[in-house]
$ cat upload.txt   # compact mmCIF, C-alpha atoms
# COMPACT_ATOMS: atom_id res chain seq x y z
CA MET A 7 9.44 -29.54 23.38
CA SER A 8 8.62 -29.36 19.68
CA LEU A 9 5.63 -31.67 20.19
CA LEU A 10 4.32 -29.40 22.95
CA GLY A 11 4.93 -26.39 20.67
CA ASP A 12 3.03 -28.06 17.83
CA ILE A 13 0.10 -28.89 20.13
CA ILE A 14 -0.04 -25.25 21.33
CA THR A 15 0.07 -24.11 17.70
CA ILE A 16 -2.74 -26.40 16.55
CA VAL A 17 -5.01 -25.59 19.51
CA ALA A 18 -4.43 -21.82 19.50
CA VAL A 19 -4.61 -21.34 15.72
CA SER A 20 -7.79 -23.46 15.55
CA ALA A 21 -9.34 -21.38 18.33
CA GLY A 22 -8.27 -18.22 16.48
CA ALA A 23 -9.81 -19.50 13.26
CA PHE A 24 -13.02 -20.22 15.19
CA PHE A 25 -13.17 -16.61 16.41
CA PHE A 26 -12.60 -15.35 12.86
CA LEU A 27 -15.41 -17.63 11.64
CA ALA A 28 -17.74 -16.47 14.44
CA GLY A 29 -16.81 -12.83 13.80
CA THR A 30 -17.55 -13.21 10.10
CA VAL A 31 -20.90 -14.90 10.74
CA GLY A 32 -21.74 -12.07 13.16
CA LEU A 33 -20.69 -9.46 10.61
CA LEU A 34 -23.05 -11.01 8.06
CA ARG A 35 -25.98 -11.80 10.37
CA PHE A 36 -26.17 -9.05 13.02
CA PRO A 37 -28.85 -6.41 12.47
CA ASP A 38 -27.11 -3.02 12.84
CA THR A 39 -23.72 -1.30 12.58
CA LEU A 40 -22.81 -1.34 16.28
CA THR A 41 -23.47 -5.07 16.80
CA ARG A 42 -21.65 -5.86 13.54
CA LEU A 43 -18.65 -3.87 14.81
CA HIS A 44 -18.83 -5.83 18.05
CA ALA A 45 -18.58 -9.09 16.10
CA LEU A 46 -15.77 -7.78 13.92
CA THR A 47 -13.59 -6.62 16.82
CA LYS A 48 -13.84 -10.06 18.44
CA ALA A 49 -12.31 -11.55 15.30
CA ASP A 50 -9.58 -8.89 15.26
CA ASN A 51 -8.66 -8.95 18.94
CA LEU A 52 -9.13 -12.54 20.04
CA GLY A 53 -8.84 -14.30 16.68
CA LEU A 54 -5.64 -12.55 15.64
CA GLY A 55 -4.26 -12.79 19.19
CA LEU A 56 -4.81 -16.54 19.31
CA VAL A 57 -3.31 -17.03 15.83
CA VAL A 58 -0.23 -15.05 16.91
CA LEU A 59 -0.03 -17.00 20.16
CA GLY A 60 -0.20 -20.22 18.18
CA LEU A 61 2.54 -19.12 15.78
CA LEU A 62 4.93 -18.06 18.57
CA PRO A 63 6.29 -21.61 19.21
CA GLN A 64 7.05 -21.85 15.46
CA ALA A 65 8.99 -18.53 15.37
CA ALA A 66 12.60 -19.11 14.32
CA SER A 67 14.07 -16.50 16.66
CA LEU A 68 13.18 -14.14 19.49
CA ARG A 69 13.17 -11.29 16.94
CA ASP A 70 10.51 -13.02 14.81
CA GLY A 71 8.45 -13.59 17.95
CA PHE A 72 8.60 -9.89 18.83
CA LYS A 73 7.57 -9.03 15.27
CA LEU A 74 4.53 -11.34 15.54
CA VAL A 75 3.48 -9.83 18.89
CA SER A 76 3.90 -6.28 17.58
CA ILE A 77 1.71 -7.17 14.57
CA TRP A 78 -0.99 -8.21 17.03
CA LEU A 79 -0.58 -5.03 19.10
CA LEU A 80 -0.75 -2.83 15.98
CA GLY A 81 -3.81 -4.78 14.82
CA LEU A 82 -5.44 -4.16 18.21
CA LEU A 83 -4.66 -0.44 18.04
CA ALA A 84 -5.97 -0.09 14.49
CA GLY A 85 -9.07 -2.23 15.15
CA ALA A 86 -10.01 -0.36 18.32
CA THR A 87 -9.52 3.08 16.76
CA VAL A 88 -11.29 2.35 13.50
CA SER A 89 -14.27 0.70 15.20
CA GLN A 90 -14.62 3.78 17.48
CA LEU A 91 -14.54 6.07 14.45
CA ILE A 92 -17.07 3.98 12.51
CA ALA A 93 -19.36 3.76 15.56
CA ARG A 94 -19.24 7.54 15.99
CA ALA A 95 -19.95 8.12 12.32
CA ALA A 96 -22.87 5.65 12.49
CA ARG A 97 -24.35 7.39 15.55
CA GLN A 98 -24.02 10.81 13.96
CA GLY A 99 -25.65 9.47 10.80
CA GLU A 100 -28.56 8.15 12.88
CA SER A 101 -29.09 11.38 14.82
CA ALA A 102 -28.94 13.38 11.58
CA ARG A 103 -31.76 11.32 10.09
CA MET B 5 -3.58 -32.46 -3.32
CA SER B 6 -1.75 -30.63 -0.57
CA ILE B 7 -3.42 -28.10 1.68
CA ALA B 8 -1.27 -25.34 0.17
CA THR B 9 -2.66 -26.13 -3.30
CA ILE B 10 -6.24 -26.02 -2.00
CA PHE B 11 -5.50 -22.66 -0.35
CA GLU B 12 -4.08 -21.33 -3.63
CA ILE B 13 -7.09 -22.51 -5.67
CA VAL B 14 -9.50 -20.92 -3.16
CA LEU B 15 -7.45 -17.71 -3.14
CA ALA B 16 -7.41 -17.49 -6.94
CA ALA B 17 -11.16 -18.17 -7.09
CA VAL B 18 -11.91 -15.48 -4.50
CA VAL B 19 -9.70 -12.94 -6.33
CA LEU B 20 -11.44 -13.73 -9.64
CA GLY B 21 -14.87 -13.47 -8.03
CA LEU B 22 -13.98 -10.21 -6.32
CA GLY B 23 -12.62 -8.82 -9.59
CA ILE B 24 -15.86 -9.66 -11.42
CA TRP B 25 -17.93 -8.24 -8.54
CA THR B 26 -15.91 -4.99 -8.60
CA ILE B 27 -16.77 -4.57 -12.29
CA VAL B 28 -20.41 -5.66 -12.10
CA VAL B 29 -21.51 -3.80 -8.95
CA ARG B 30 -23.25 -0.52 -9.83
CA GLU B 31 -22.33 1.67 -6.87
CA THR B 32 -18.93 3.35 -7.15
CA TYR B 33 -18.41 3.11 -3.39
CA SER B 34 -18.99 -0.67 -3.29
CA ALA B 35 -16.72 -1.14 -6.29
CA THR B 36 -13.99 0.80 -4.46
CA VAL B 37 -14.30 -1.31 -1.32
CA GLY B 38 -14.17 -4.42 -3.53
CA PHE B 39 -11.05 -3.08 -5.21
CA VAL B 40 -9.28 -2.53 -1.87
CA ALA B 41 -10.05 -6.09 -0.76
CA TYR B 42 -8.91 -7.29 -4.20
CA GLY B 43 -5.58 -5.47 -3.77
CA LEU B 44 -4.96 -7.08 -0.38
CA LEU B 45 -5.78 -10.57 -1.73
CA VAL B 46 -3.53 -10.03 -4.77
CA ALA B 47 -0.78 -9.16 -2.25
CA LEU B 48 -1.38 -12.60 -0.68
CA ILE B 49 -0.95 -14.19 -4.13
CA TRP B 50 2.41 -12.40 -4.51
CA VAL B 51 3.41 -13.82 -1.10
CA ARG B 52 2.54 -17.32 -2.33
CA LEU B 53 4.74 -16.65 -5.39
CA ASP B 54 7.62 -15.72 -3.03
CA ALA B 55 7.60 -12.15 -4.39
CA ILE B 56 7.49 -10.42 -1.00
CA ASP B 57 8.77 -7.10 -2.41
CA VAL B 58 5.90 -6.96 -4.89
CA ALA B 59 3.43 -8.07 -2.20
CA LEU B 60 4.48 -5.19 0.07
CA THR B 61 4.11 -2.69 -2.76
CA GLU B 62 0.74 -4.13 -3.84
CA ALA B 63 -0.61 -4.00 -0.28
CA ALA B 64 0.65 -0.44 0.25
CA ILE B 65 -0.37 1.00 -3.14
CA GLY B 66 -3.15 -1.24 -4.50
CA GLY B 67 -4.84 -1.84 -1.17
CA GLY B 68 -3.85 1.24 0.84
CA LEU B 69 -3.06 4.53 -0.87
CA GLY B 70 -4.81 3.65 -4.14
CA GLY B 71 -7.89 2.64 -2.16
CA VAL B 72 -7.93 5.94 -0.25
CA LEU B 73 -7.55 7.85 -3.53
CA LEU B 74 -10.48 5.95 -5.08
CA LEU B 75 -12.62 6.37 -1.94
CA GLY B 76 -12.08 10.14 -2.14
CA ALA B 77 -13.04 10.10 -5.81
CA ALA B 78 -16.13 7.98 -5.06
CA ALA B 79 -17.20 10.42 -2.34
CA GLN B 80 -16.93 13.35 -4.77
CA LEU B 81 -18.79 11.44 -7.49
CA ARG B 82 -21.65 10.44 -5.19
CA ASP B 83 -23.83 13.44 -6.00
CA SER B 84 -23.53 13.03 -9.76
CA GLU B 85 -23.75 9.22 -9.71
CA PRO B 86 -27.21 8.62 -11.29
CA ALA B 87 -26.39 10.87 -14.26
CA VAL B 88 -23.14 9.02 -14.88
CA THR B 89 -24.60 5.50 -14.77
CA ASP B 90 -27.35 6.37 -17.26
CA ALA B 91 -24.98 8.08 -19.67
CA ALA B 92 -23.24 5.00 -21.11
CA GLY B 93 -25.10 3.96 -24.25
CA ASN B 94 -25.33 0.47 -25.72
CA ALA B 95 -22.74 1.22 -28.40
CA VAL B 96 -20.21 2.28 -25.77
CA ARG B 97 -20.95 -0.83 -23.73
CA VAL B 98 -20.48 -3.15 -26.74
CA CYS B 99 -17.22 -1.39 -27.68
CA ALA B 100 -15.94 -1.69 -24.10
CA ALA B 101 -16.92 -5.37 -23.99
CA ILE B 102 -15.13 -6.09 -27.30
CA LEU B 103 -12.03 -4.19 -26.16
CA SER B 104 -11.97 -6.07 -22.84
CA ALA B 105 -12.49 -9.44 -24.53
CA LEU B 106 -9.70 -8.70 -27.04
CA THR B 107 -7.33 -7.67 -24.23
CA ALA B 108 -8.16 -10.81 -22.24
CA ALA B 109 -7.72 -13.01 -25.32
CA THR B 110 -4.36 -11.40 -26.14
CA LEU B 111 -3.16 -11.88 -22.57
CA ALA B 112 -4.34 -15.50 -22.52
CA GLY B 113 -2.63 -16.10 -25.87
CA ALA B 114 0.60 -14.53 -24.64
CA VAL B 115 0.57 -16.74 -21.54
CA LEU B 116 -0.13 -19.88 -23.62
CA VAL B 117 2.73 -19.29 -26.10
CA LEU B 118 5.30 -18.64 -23.34
CA PRO B 119 8.23 -21.06 -23.77
CA ASP B 120 8.68 -23.61 -21.02
CA PRO B 121 10.86 -23.00 -19.01
CA ALA B 122 10.20 -19.28 -19.29
CA PRO B 123 13.19 -17.12 -20.25
CA THR B 124 14.64 -15.53 -17.11
CA LEU B 125 17.43 -13.19 -16.11
CA ALA B 126 17.14 -14.19 -12.45
CA PRO B 127 20.33 -16.35 -12.37
CA ALA B 128 22.29 -13.50 -14.01
CA ALA B 129 20.94 -11.04 -11.41
CA VAL B 130 21.86 -13.36 -8.54
CA SER B 131 25.35 -14.22 -9.87
CA ASN B 132 26.23 -10.53 -10.32
CA ALA B 133 25.11 -9.52 -6.82
CA TRP B 134 28.78 -9.12 -5.76
CA ALA B 135 28.99 -5.93 -7.83
CA THR B 136 26.82 -4.00 -5.36
CA SER B 137 27.31 -6.01 -2.12
CA LEU B 138 23.51 -6.00 -1.61
CA ALA B 139 21.93 -9.39 -0.96
CA ASN B 140 18.35 -8.60 -2.06
CA PRO B 141 18.23 -9.34 -5.82
CA VAL B 142 15.12 -7.13 -6.26
CA THR B 143 16.96 -4.10 -4.84
CA ASN B 144 19.93 -4.95 -7.07
CA VAL B 145 17.72 -4.96 -10.16
CA LEU B 146 15.84 -1.80 -9.15
CA MET B 147 18.81 0.25 -8.00
CA ALA B 148 21.71 -1.04 -10.11
CA PHE B 149 20.98 -3.35 -13.05
CA ARG B 150 17.85 -1.51 -14.20
CA ALA B 151 18.39 1.75 -12.32
CA MET B 152 17.34 3.75 -15.38
CA ASP B 153 13.76 2.38 -15.09
CA THR B 154 13.58 3.29 -11.40
CA MET B 155 14.87 6.81 -12.08
CA LEU B 156 12.31 7.36 -14.83
CA GLU B 157 9.59 5.97 -12.54
CA LYS B 158 10.42 8.72 -10.03
CA VAL B 159 10.24 11.31 -12.82
CA VAL B 160 6.76 9.95 -13.65
CA LEU B 161 5.75 10.46 -10.00
CA LEU B 162 6.95 14.05 -10.27
CA LEU B 163 4.90 14.53 -13.46
CA ALA B 164 1.85 13.07 -11.68
CA ILE B 165 2.13 15.60 -8.87
CA ILE B 166 2.48 18.45 -11.40
CA GLY B 167 -0.65 17.12 -13.11
CA VAL B 168 -2.61 17.13 -9.84
CA TRP B 169 -1.39 20.62 -8.94
CA SER B 170 -2.33 21.96 -12.36
CA LEU B 171 -6.00 21.33 -11.47
CA ALA B 172 -5.80 24.18 -8.94
CA PRO B 173 -7.89 27.29 -9.60
CA ASP B 174 -5.81 30.43 -10.21
CA SER B 175 -6.88 31.96 -6.90
CA ALA B 176 -5.52 29.01 -4.89
CA TRP B 177 -2.23 28.56 -6.76
CA GLY B 178 0.68 28.42 -4.33
CA GLY B 179 -1.66 27.54 -1.46
CA HIS B 180 -2.24 24.41 0.63
CA PRO B 181 -3.48 21.21 -1.08
CA GLY B 182 -6.74 19.71 0.18
CA PRO B 183 -9.05 20.89 2.94
CA ARG B 184 -7.82 21.81 6.45
CA HIS B 185 -8.96 18.88 8.59
CA GLN B 186 -10.49 19.46 12.00
CA ALA B 187 -10.90 16.69 14.56
CA ASP B 188 -11.91 16.52 18.22
CA PRO B 189 -8.57 17.20 20.01
CA HIS B 190 -9.48 14.59 22.66
CA GLY B 191 -10.92 12.09 20.15
CA VAL B 192 -9.61 8.70 19.10
CA LEU B 193 -8.33 9.87 15.70
CA VAL B 194 -6.05 12.47 17.29
CA PHE B 195 -4.95 9.88 19.86
CA LEU B 196 -4.01 7.45 17.08
CA ALA B 197 -2.29 10.24 15.12
CA ARG B 198 -0.10 10.96 18.15
CA LEU B 199 0.58 7.31 19.05
CA LEU B 200 1.14 5.64 15.67
CA PRO B 201 3.55 7.92 13.71
CA PRO B 202 6.60 7.31 15.97
CA ILE B 203 6.13 3.56 15.45
CA GLY B 204 5.32 3.98 11.75
CA ILE B 205 8.37 6.16 11.09
CA VAL B 206 10.63 3.54 12.68
CA VAL B 207 8.97 0.78 10.63
CA GLY B 208 9.26 2.85 7.43
CA ILE B 209 12.98 3.48 7.95
CA TYR B 210 13.46 -0.19 8.92
CA VAL B 211 11.77 -1.30 5.68
CA LEU B 212 14.12 0.99 3.71
CA TRP B 213 17.22 -0.24 5.55
CA THR B 214 16.36 -3.93 5.43
CA GLY B 215 15.72 -3.61 1.68
CA ALA B 216 19.46 -4.10 1.08
CA ASN B 217 19.31 -7.74 2.14
CA HIS B 218 15.64 -8.62 2.64
CA PRO B 219 12.32 -7.68 1.00
CA GLY B 220 11.69 -3.97 1.40
CA GLY B 221 13.00 -0.75 -0.04
CA ALA B 222 12.42 2.93 -0.62
CA PHE B 223 8.98 2.60 -2.21
CA GLN B 224 7.46 0.42 0.49
CA GLY B 225 9.08 2.47 3.27
CA GLY B 226 8.00 5.70 1.58
CA ALA B 227 4.41 4.47 1.41
CA ILE B 228 4.45 3.82 5.18
CA LEU B 229 5.91 7.28 5.89
CA ALA B 230 3.29 8.86 3.61
CA ALA B 231 0.53 7.03 5.52
CA MET B 232 1.86 8.41 8.84
CA TRP B 233 2.00 11.95 7.41
CA LEU B 234 -1.55 11.65 6.06
CA LEU B 235 -2.77 10.37 9.44
CA ALA B 236 -1.39 13.51 11.13
CA ILE B 237 -2.95 15.68 8.41
CA MET B 238 -6.37 13.98 8.68
CA ALA B 239 -6.34 14.38 12.47
CA GLY B 240 -5.68 18.11 12.03
CA LEU B 241 -2.31 17.89 13.81
CA ALA B 242 -0.41 18.97 10.72
CA ASP B 243 -1.30 20.96 7.63
CA THR B 244 -0.24 20.23 4.08
CA PRO B 245 2.61 22.55 3.10
CA PRO B 246 1.82 25.28 0.54
CA VAL B 247 2.87 24.14 -2.93
CA SER B 248 4.94 27.31 -3.31
CA SER B 249 7.19 26.12 -0.44
CA ARG B 250 10.78 25.88 -1.68
CA ARG B 251 11.64 23.19 0.86
CA LEU B 252 8.76 21.02 -0.31
CA ARG B 253 9.81 21.37 -3.94
CA LEU B 254 13.40 20.48 -3.03
CA ILE B 255 12.17 17.29 -1.33
CA LEU B 256 10.04 16.45 -4.38
CA VAL B 257 13.01 16.63 -6.76
CA ALA B 258 15.59 15.21 -4.30
CA GLY B 259 15.15 11.55 -5.35
CA PRO B 260 15.21 11.86 -9.15
CA GLY B 261 17.70 14.76 -8.88
CA LEU B 262 20.29 12.81 -6.91
CA PHE B 263 19.69 9.80 -9.17
CA LEU B 264 20.40 11.98 -12.21
CA VAL B 265 23.54 13.51 -10.64
CA VAL B 266 24.92 10.04 -9.80
CA GLY B 267 24.01 8.86 -13.29
CA ILE B 268 25.82 11.73 -15.02
CA ALA B 269 28.82 11.27 -12.71
CA GLY B 270 28.89 7.63 -13.87
CA LEU B 271 28.89 8.87 -17.48
CA LEU B 272 31.75 11.35 -16.85
CA PHE B 273 34.02 9.29 -14.56
CA GLY B 274 32.86 5.71 -15.13
CA SER B 275 31.92 3.57 -18.08
CA ALA B 276 28.28 4.48 -18.64
CA PHE B 277 25.26 6.44 -17.43
CA LEU B 278 24.32 5.24 -13.92
CA SER B 279 27.37 2.97 -13.62
CA TYR B 280 28.54 2.85 -10.01
CA PRO B 281 32.14 2.02 -9.10
CA PRO B 282 31.73 -1.34 -7.26
CA ALA B 283 33.60 -0.11 -4.17
CA GLN B 284 31.19 2.80 -3.67
CA ALA B 285 28.08 1.05 -5.01
CA LYS B 286 26.44 0.43 -1.66
CA PRO B 287 26.89 3.93 -0.16
CA LEU B 288 25.74 5.51 -3.44
CA ILE B 289 22.65 3.29 -3.66
CA LEU B 290 21.86 3.98 -0.01
CA ALA B 291 22.18 7.75 -0.53
CA ILE B 292 19.85 7.60 -3.55
CA GLU B 293 17.37 5.47 -1.60
CA VAL B 294 17.35 7.91 1.34
CA ALA B 295 16.66 10.80 -1.03
CA MET B 296 14.05 8.68 -2.80
CA ILE B 297 12.15 7.67 0.35
CA LEU B 298 11.65 11.38 1.17
CA THR B 299 10.52 12.11 -2.38
CA ILE B 300 8.18 9.11 -2.48
CA ALA B 301 6.64 9.85 0.92
CA ALA B 302 6.06 13.50 0.00
CA THR B 303 4.74 12.64 -3.47
CA LEU B 304 2.32 9.92 -2.34
CA GLY B 305 1.03 12.14 0.49
CA LEU B 306 0.52 15.10 -1.83
CA LEU B 307 -1.13 12.94 -4.52
CA LEU B 308 -3.76 12.01 -1.93
CA ALA B 309 -4.04 15.56 -0.57
CA GLY B 310 -5.05 16.74 -4.04
CA ALA B 311 -4.88 20.09 -5.80
CA PRO B 312 -4.14 23.36 -3.94
CA GLU B 313 -7.41 24.72 -2.54
CA ARG B 314 -6.58 27.38 0.07
CA ARG B 315 -4.36 30.41 0.18
CA THR B 316 -1.91 30.59 3.08
CA GLY B 317 -3.63 31.95 6.18
CA GLN B 318 -7.16 31.00 5.10
$ encode --input "upload.txt" --output "C-alpha cells"
Amino acid sequence: MSLLGDIITIVAVSAGAFFFLAGTVGLLRFPDTLTRLHALTKADNLGLGLVVLGLLPQAASLRDGFKLVSIWLLGLLAGATVSQLIARAARQGESAR
Amino acid sequence: MSIATIFEIVLAAVVLGLGIWTIVVRETYSATVGFVAYGLLVALIWVRLDAIDVALTEAAIGGGLGGVLLLGAAAQLRDSEPAVTDAAGNAVRVCAAILSALTAATLAGAVLVLPDPAPTLAPAAVSNAWATSLANPVTNVLMAFRAMDTMLEKVVLLLAIIGVWSLAPDSAWGGHPGPRHQADPHGVLVFLARLLPPIGIVVGIYVLWTGANHPGGAFQGGAILAAMWLLAIMAGLADTPPVSSRRLRLILVAGPGLFLVVGIAGLLFGSAFLSYPPAQAKPLILAIEVAMILTIAATLGLLLAGAPERRTGQ
C-alpha cells in the first residue's frame, strides 16, 4: 500500500514538476501576453493539480487531504480569474494603442 | 549533502539575487514585483526554519498587502518617474552606499559574535504554557508573556491609520477613503468577489481559532479578512465606509481598547498590568483576539484604501 502510494507520489509530482518547467519555459519564450498566460495557466492548473494528487497518498489524515485539494481548487479559481483580468487589460491596452 | 540542504542553498541564493535585483532595477514597478516575489520566497525560508507563524505573516504582509500598497504607490509615481531617478546626486549615492555598507557590516558582526548556542527563552515559554492552556508557544508569547508588545503594536497600527487619514484634503475630511471602484457587473472580478469572500471569511476565522494550538492567529486571520474586504471594494460591490463613521472608529479602537481594559483590570485585581488569572486566561485571550482580528482587518483594509477622497454621496 505504502509502496503503491510512494510510486503514485513520485510519478505525479514529477509530472507536475514537468508542467511547471514547461510553463516557465513558455512564460519566458512565448512572444506575447496571451500566449504567455496560456503557458502560465498550464503550470497552475495541471502542474499544481498533479503535485497535489501526488501528495495525497502522503497526507496524514483525511482532513489534510481535503486541505490539499482545496488549495488546488483555490489556486485554480485565482489562476483562472487573474489570467482573464490580465488578458482583458492586455487587449484593452492593445486597442488603445 | 542532502536534497533539503541543496534546496535551502538554492532558495537562499535566489532570495539574495532577487534582493539585489530589486535594488538595482531602475523601474519602480519592476522593483515592486521583485519585492513581492522576494516576500513570498522569504516566507518559504521561514517555513524551512519551522517558523510557520512568521511565514504566514510574511506571506500575507510582505508578499500580499505590502505588495499591493507598493504597487499603488508605483502606479502614482509613474508619471513623475524620470524626474525622480535623475534627482539623486553622486554625493547622496555615496552616502547611501556607505550607510548600507555600515548597516550590513554591523549586522554581519552581530551575527558573528552571537554566542553558541544562542541564548533563548524558548524552553521557558514552552514550560510555562500551562498558565494559559494554549498549546501554540507563539500565541502564548504574543498574547500573554509579551502581551505589552502586541498591545503597543496595535496602537502603532492605529497611529498609522491616523497618519494616512491626515493626508486628506479639508474638503474630503469625513468622507470615503480611496476612489469608488466600478467593475463590469457580469465580469470575472465581480464573480470572484462574490464567490471567494465566503470561503475567505471561513479561512480567516479558522486561522484565528487554530492559532491557540497551531500556527495562526489574529494578525494572519485579519490579513485574510482584509483581503476579502478589499476584493469586494475593488469589484465595486462594497464601498469604503466614511472615516467619520462612529461604528468604523469603534472597530478601529476595539482591539487595543479591550487589550488596555484587560490590562488595567489585571493591574487593579491581579498582580500586574496585563496579568491574566490562569483560570480565565484562555477566554480573555480569545476575547482580545476576536476584537483584534476586527481591528486588524479594518486597519489593513483602510491602510490600502488610502486617505479620504470623496464626500458622502459623491
$ closest_atom_pairs --input "upload.txt" --of "chain A" --to "chain B" --cutoff "8 Å" --atoms "only C-alpha atoms" --output "Markdown table"
| residue | atom | partner | partner_atom | distance |
| --- | --- | --- | --- | --- |
| A:Leu83 | CA | B:Leu196 | CA | 8.0 |
| A:Thr87 | CA | B:Val192 | CA | 6.1 |
| A:Gln90 | CA | B:Val192 | CA | 7.2 |
| A:Leu91 | CA | B:Val192 | CA | 7.3 |
$ closest_residue --input "upload.txt" --among "B:Val247, B:Ile297, B:Ala64, B:Met152" --to "Leu278 (chain B)" --atoms "only C-alpha atoms"
B:Met152
$ residues_around --input "upload.txt" --residues "Glu62 (chain B)" --least-positions-apart "4" --cutoff "7 Å" --atoms "only C-alpha atoms" --output "number ranges by chain"
B: 43, 47, 58, 66-67
$ atom_distance --input "upload.txt" --atom1 "CA of Ala8 (chain B)" --atom2 "CA of Arg52 (chain B)"
9.2 Å
$ residues_around --input "upload.txt" --residues "region 217-224 of chain B" --least-positions-apart "5" --cutoff "9 Å" --atoms "all atoms listed in the file" --output "list of chain:residue names"
B:Ala55, B:Ile56, B:Asp57, B:Val58, B:Leu60, B:Thr61, B:Ala64, B:Ile65, B:Leu138, B:Ala139, B:Asn140, B:Pro141, B:Val142, B:Thr143, B:Gly208, B:Ile209, B:Tyr210, B:Val211, B:Leu212, B:Leu229, B:Glu293, B:Val294, B:Ala295, B:Met296, B:Ile297, B:Leu298, B:Ile300, B:Ala301
$ atom_distance --input "upload.txt" --atom1 "CA of Leu254 (chain B)" --atom2 "CA of Val72 (chain B)"
26.0 Å
$ atom_distance --input "upload.txt" --atom1 "CA of Val257 (chain B)" --atom2 "CA of Ile292 (chain B)"
11.8 Å
$ residues_around --input "upload.txt" --residues "Leu62 (chain A)" --least-positions-apart "2" --cutoff "8 Å" --atoms "all atoms listed in the file" --output "ChimeraX atom specification"
/A:15,58-60,64-65,71,74
$ residues_near_point --input "upload.txt" --point "(-17.2, -15.8, 16.2)" --cutoff "10 Å" --atoms "all atoms listed in the file" --output "CSV table (one decimal) with C-alpha atoms, in the coordinates of the input"
chain,number,residue,atom,x,y,z
A,21,ALA,CA,-9.3,-21.4,18.3
A,22,GLY,CA,-8.3,-18.2,16.5
A,23,ALA,CA,-9.8,-19.5,13.3
A,24,PHE,CA,-13.0,-20.2,15.2
A,25,PHE,CA,-13.2,-16.6,16.4
A,26,PHE,CA,-12.6,-15.4,12.9
A,27,LEU,CA,-15.4,-17.6,11.6
A,28,ALA,CA,-17.7,-16.5,14.4
A,29,GLY,CA,-16.8,-12.8,13.8
A,30,THR,CA,-17.6,-13.2,10.1
A,31,VAL,CA,-20.9,-14.9,10.7
A,32,GLY,CA,-21.7,-12.1,13.2
A,33,LEU,CA,-20.7,-9.5,10.6
A,45,ALA,CA,-18.6,-9.1,16.1
A,46,LEU,CA,-15.8,-7.8,13.9
A,47,THR,CA,-13.6,-6.6,16.8
A,48,LYS,CA,-13.8,-10.1,18.4
A,49,ALA,CA,-12.3,-11.6,15.3
A,52,LEU,CA,-9.1,-12.5,20.0
A,53,GLY,CA,-8.8,-14.3,16.7
